[in-house]
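See structure below.
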Amino acid sequence: MIVIHGKHECCGCSACVQKCPRHCITLDEDDEGFLYPKVDMTACIDCGLCEQVCPWLNRSGKLQPIEVLAAKNRNEEERMDSSSGGVFIALAREVICRGGVVFGAVFDENWEVKHTYAETLEDVRPMMGSKYVQSRVGKSYRDAERFLKDGREVLFVGTPCQVAGLYGFLHKDYPNLLSVDVLCHGVPSPGVWRRYLNETFYSARRVSAGKDTVLSCSLSPMPVIKGIEFRDKRMTGWKEYSFVVCGKDAFEADQNTVLLSAKYNENVFMRGFLADIYLRPSCYRCRCKNGMSHSDLTIADFWGVNLIMPDFDDDKGVGLVLVNTGKGKAVFDGLNMEVRLAVLEDAMPFNGGFKELVQAHPGRARFFRYYSEGKSVVQSVNRCLHVSVCRRILQKVRHNVNSAARLVSWTWKNGKV
Ligand SMILES: Cc1cc2nc3c(=O)[nH]c(=O)nc-3n(C[C@H](O)[C@H](O)[C@H](O)COP(=O)(O)OP(=O)(O)OC[C@H]3O[C@@H](n4cnc5c(N)ncnc54)[C@H](O)[C@@H]3O)c2cc1C
Ligand code: SF4
Ligand code: SF4
Ligand code: SF4
């Protein structure tokens with residue numbers, strides 16, 4: 001029976017929940033807003049299946065990429081709607097056109113994030129774009145297994161631990177499965193996200209709709225939101241992306257209004273995420289990324305491409321693709337993408353997602369103390385990230401010196417001086 005010896009020992013993939021023959025494992029939200037398995041001991045028959053499928057208990061060796069590529073979707077509209085190079089939608093189209101099924105993350109009716117599957121391109125569209133919140137896998141592994149056994153082609157996209165959980169659950173590779181993981185910085189707490197949405201958009205509606213509608217929105221604050229983009233490129237470009245939330249106009253229901261639009265480093269939720277305040281504990285000791293998930297392909301942002309191959313960058317998004325297996329190569333080579341060969345060592349210093357260990361922000365415990373006291377996310381993040389003016393200047397100088405040093409070292413190494 002599965003026993004978790006510490007919060008960092010479970011990534012919440014739910015492979016154990018889906019495998020249990022007695023259905024005696026449920027997922028409960030903890031006081032940081034993350035889901036963890038809980039076993040009903042009275043129903044457990046001690047078969048050990050939950051332990052056998054757990055990717056945290058059963059580590060596999062590391063895969064080295066056989067090829068590293070810079071990639072851009074040739075359809076500019078699709079690339080603009082994607083987080084980086086639009087690689088995901090190109091893969092999804094290929095699989096759907098061959099009668100396959102695509103698994104990925106979407107927003108649910110409460111704007112929380114969950115995994116689901118799509119059998120049409122129309123249903124694939126909501127999967128596009130990164131959602132920086134841990135997604136609930138639900139029964140996706142069981143569904144994927146059913147399609148695989150029926151002989152359908154399956155594309156499964158998720159974080160490395162979700163892909164590792166899928167392989168643990170399936171217990172074998174299927175020739176008709178294509179697995180893709182995102183390069184993973186870590187996932188923020190769904191509970192923190194829920195509270196952030198409630199506090200921010202309840203008051204946003206108050207402001208946009210005026211005093212008279214306060215009562216109705218306090219009873220039902222969520223339907224006001226119509227769309228959320230964590231990585232909008234249209235406002236400020238790909239490198240300086242924005243976090244954008246659209247809503248229904250309070251008076252003209254058909255009219256879309258921008259409820260919030262801020263550059264990634266000016267939005268409180270994004271700042272807390274990027275400062276590593278509310279990542280899942282397992283993300284600080286990840287065992288699944290950097291080749292450990294055994295995904296066929298890894299997709300990422302090609303940060304630094306403007307220096308490494310400037311003529312390939314148009315600030316509309318360039319993807320970095322790590323081709324990990326022959327199967328991944330066969331599918332990727334068949335796509336109609338703009339592609340260049342790249343060198344992993346060149347890209348790594350520009351991308352925090354490659355870091356083996358992410359350090360928790362020193363204010364993490366304080367943040368979750370505020371969280372359990374019911375304080376607002378905005379207030380708590382601001383308090384944890386508050387720095388004096390002197391320190392802010394020092395940090396800015398240090399940041400600029402580091403960036404300059406990285407640039408000099410890169411240009412020196414590549415013989416550009
Ligand atoms: C939580 C998270 C952290 C990331 N950290 C980094 C990083 O540090 N460095 C980096 O280079 N790239 C990171 N990425 C990947 C990056 O944001 C892009 O998703 C990737 O470059 C693919 O872009 P695309 O344009 O090809 O596809 P997109 O259209 O952007 O498709 C994104 C794919 O990711 C899936 N997805 C979206 N949100 C989630 C989620 N919450 N959980 C699981 N799957 C999801 C979707 O189902 C879709 O298949 C991260 C992604 C996520 C979700
Ligand atoms: S040991 Fe078997 S029955 Fe018990 S929780 Fe695990 S999978 Fe379920
Ligand atoms: S890592 Fe996944 S399989 Fe392991 S205990 Fe957590 S939810 Fe279950
Ligand atoms: S950092 Fe590791 S544990 Fe965290 S979501 Fe990514 S793959 Fe999972």
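Lettering and numbering for the structure tokens are positional, with chains as A, B, ... in the shown order, residues counted from 1 in each chain, and ligands counted from 1 in the shown order.
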
What's around A:Arg234 at 9 Å? Count only C-alpha atoms, leave out sequence neighbours fewer than 2 positions away in its own chain, and write the answer as a list in words.
Met80, Asp81, Asp232, Thr236, Gly237, Trp238, Tyr241, Ser242 and Lys316 of chain A

Hey, which residues come within 10 Å of ligand 3 if we count only C-alpha atoms and all ligand atoms? Could you give them as an NGL selection string?
:A and (1-5 or 7-19 or 25-27 or 35-38 or 49-58 or 137 or 161-162 or 164-166 or 168-169 or 282)

Quick one: residues within 7 Å of ligand 1, with only C-alpha atoms and all ligand atoms, as a ChimeraX atom specification?
/A:79,81-89,103-106,113,127-135,157-159,182-187,299-303,319-320,351-353

Quick one: write out the picked residues with N, CA and C atoms as a tab-separated table (two decimals), in the first residue's frame?
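Output (result.tsv):
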```tsv
chain	number	residue	atom	x	y	z
A	79	ARG	N	0.96	29.70	-34.33
A	79	ARG	CA	2.14	29.97	-33.49
A	79	ARG	C	1.81	31.06	-32.48
A	81	ASP	N	-1.04	31.68	-31.19
A	81	ASP	CA	-1.95	31.16	-30.17
A	81	ASP	C	-1.27	30.15	-29.23
A	82	SER	N	-0.03	29.81	-29.52
A	82	SER	CA	0.71	28.84	-28.70
A	82	SER	C	1.68	29.57	-27.78
A	83	SER	N	2.19	28.86	-26.80
A	83	SER	CA	3.13	29.50	-25.86
A	83	SER	C	4.47	29.81	-26.51
A	84	SER	N	5.00	28.83	-27.26
A	84	SER	CA	6.29	29.12	-27.88
A	84	SER	C	6.24	28.90	-29.39
A	85	GLY	N	6.77	27.79	-29.90
A	85	GLY	CA	6.87	27.62	-31.35
A	85	GLY	C	5.67	26.99	-32.01
A	86	GLY	N	4.65	26.61	-31.20
A	86	GLY	CA	3.47	25.96	-31.79
A	86	GLY	C	3.76	24.53	-32.21
A	87	VAL	N	4.65	23.86	-31.49
A	87	VAL	CA	4.99	22.46	-31.82
A	87	VAL	C	3.83	21.54	-31.42
A	88	PHE	N	3.23	21.82	-30.26
A	88	PHE	CA	2.15	20.96	-29.78
A	88	PHE	C	1.03	20.83	-30.80
A	89	ILE	N	0.54	21.97	-31.33
A	89	ILE	CA	-0.62	21.92	-32.24
A	89	ILE	C	-0.26	21.18	-33.53
A	103	PHE	N	-4.24	13.78	-25.66
A	103	PHE	CA	-4.45	14.12	-24.25
A	103	PHE	C	-3.65	15.36	-23.89
A	104	GLY	N	-4.29	16.30	-23.18
A	104	GLY	CA	-3.59	17.51	-22.77
A	104	GLY	C	-4.38	18.24	-21.69
A	105	ALA	N	-3.89	19.42	-21.32
A	105	ALA	CA	-4.48	20.16	-20.19
A	105	ALA	C	-5.39	21.28	-20.68
A	106	VAL	N	-6.56	21.37	-20.07
A	106	VAL	CA	-7.54	22.44	-20.41
A	106	VAL	C	-8.05	23.09	-19.12
A	113	VAL	N	-7.44	23.67	-13.73
A	113	VAL	CA	-6.81	22.97	-14.86
A	113	VAL	C	-6.92	21.46	-14.69
A	127	MET	N	-6.53	23.01	-25.45
A	127	MET	CA	-5.31	22.49	-24.83
A	127	MET	C	-4.11	23.38	-25.13
A	128	MET	N	-4.24	24.20	-26.16
A	128	MET	CA	-3.09	25.04	-26.57
A	128	MET	C	-2.76	26.04	-25.46
A	129	GLY	N	-1.50	26.34	-25.34
A	129	GLY	CA	-1.05	27.34	-24.36
A	129	GLY	C	-0.77	26.73	-23.00
A	130	SER	N	0.32	27.20	-22.38
A	130	SER	CA	0.69	26.71	-21.04
A	130	SER	C	-0.25	27.28	-20.00
A	131	LYS	N	-0.65	26.41	-19.07
A	131	LYS	CA	-1.45	26.87	-17.92
A	131	LYS	C	-0.57	26.62	-16.70
A	132	TYR	N	-0.14	27.69	-16.05
A	132	TYR	CA	0.84	27.52	-14.97
A	132	TYR	C	0.18	27.21	-13.63
A	133	VAL	N	-0.49	26.04	-13.62
A	133	VAL	CA	-1.16	25.50	-12.43
A	133	VAL	C	-1.10	23.98	-12.59
A	134	GLN	N	-0.96	23.23	-11.50
A	134	GLN	CA	-0.93	21.77	-11.66
A	134	GLN	C	-2.26	21.27	-12.19
A	135	SER	N	-2.22	20.45	-13.23
A	135	SER	CA	-3.48	19.93	-13.78
A	135	SER	C	-3.83	18.61	-13.09
A	157	VAL	N	0.36	14.55	-23.77
A	157	VAL	CA	1.24	15.66	-23.43
A	157	VAL	C	1.01	16.06	-21.97
A	158	GLY	N	2.09	16.24	-21.23
A	158	GLY	CA	1.96	16.67	-19.84
A	158	GLY	C	3.31	17.01	-19.27
A	159	THR	N	3.34	17.25	-17.97
A	159	THR	CA	4.61	17.50	-17.30
A	159	THR	C	5.40	16.17	-17.29
A	182	VAL	N	6.59	18.63	-21.35
A	182	VAL	CA	7.06	20.02	-21.43
A	182	VAL	C	8.29	20.12	-20.54
A	183	LEU	N	9.22	20.95	-20.93
A	183	LEU	CA	10.35	21.21	-20.03
A	183	LEU	C	9.75	21.88	-18.80
A	184	CYS	N	10.05	21.39	-17.61
A	184	CYS	CA	9.21	21.80	-16.48
A	184	CYS	C	9.95	22.56	-15.38
A	185	HIS	N	9.50	23.78	-15.19
A	185	HIS	CA	10.01	24.63	-14.12
A	185	HIS	C	9.41	24.21	-12.78
A	186	GLY	N	8.20	23.63	-12.82
A	186	GLY	CA	7.45	23.26	-11.62
A	186	GLY	C	6.02	23.73	-11.75
A	187	VAL	N	5.13	23.19	-10.91
A	187	VAL	CA	3.72	23.57	-11.03
A	187	VAL	C	3.20	24.28	-9.77
A	299	ILE	N	9.18	19.36	-25.24
A	299	ILE	CA	9.00	20.66	-25.91
A	299	ILE	C	9.20	21.79	-24.91
A	300	ALA	N	9.80	22.87	-25.40
A	300	ALA	CA	10.18	23.97	-24.50
A	300	ALA	C	10.24	25.28	-25.28
A	301	ASP	N	10.46	26.36	-24.55
A	301	ASP	CA	10.74	27.64	-25.16
A	301	ASP	C	12.24	27.68	-25.49
A	302	PHE	N	12.56	28.20	-26.65
A	302	PHE	CA	13.99	28.36	-26.97
A	302	PHE	C	14.44	29.74	-26.51
A	303	TRP	N	14.49	29.92	-25.18
A	303	TRP	CA	15.01	31.20	-24.66
A	303	TRP	C	16.48	31.33	-25.08
A	319	GLY	N	10.23	27.31	-30.60
A	319	GLY	CA	10.22	26.14	-29.71
A	319	GLY	C	11.58	25.46	-29.71
A	320	LEU	N	11.91	24.86	-28.56
A	320	LEU	CA	13.10	24.02	-28.47
A	320	LEU	C	12.57	22.59	-28.35
A	351	ASN	N	17.69	28.81	-19.83
A	351	ASN	CA	16.38	28.25	-19.50
A	351	ASN	C	16.38	27.57	-18.13
A	352	GLY	N	15.66	28.18	-17.18
A	352	GLY	CA	15.59	27.65	-15.82
A	352	GLY	C	14.96	26.27	-15.73
A	353	GLY	N	14.21	25.88	-16.77
A	353	GLY	CA	13.55	24.57	-16.75
A	353	GLY	C	14.55	23.41	-16.73
```

Between A:Arg142, A:Arg93, A:Glu29, A:Val381, single out the one closest to A:Glu122, counting only C-alpha atoms.
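Among the listed residues, A:Arg93 lies closest to A:Glu122.
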
Pick from A:Phe312, A:Phe156, A:Phe368, A:Phe273 nearest to A:Val95, counting only C-alpha atoms:
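Checking each candidate against A:Val95, we get A:Phe156 as the closest.
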
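In this comparison, which uses only C-alpha atoms and all ligand atoms, the residue of A:Pro188, A:Pro175, A:Gly151, A:Pro21 approaching ligand 2 most closely is A:Pro21.
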
Between atom 5 (S, counted along the ligand's line) of ligand 4 and atom CA of A:Leu344, measure the distance and give it in Å to one decimal.
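It comes out at 21.5 Å.
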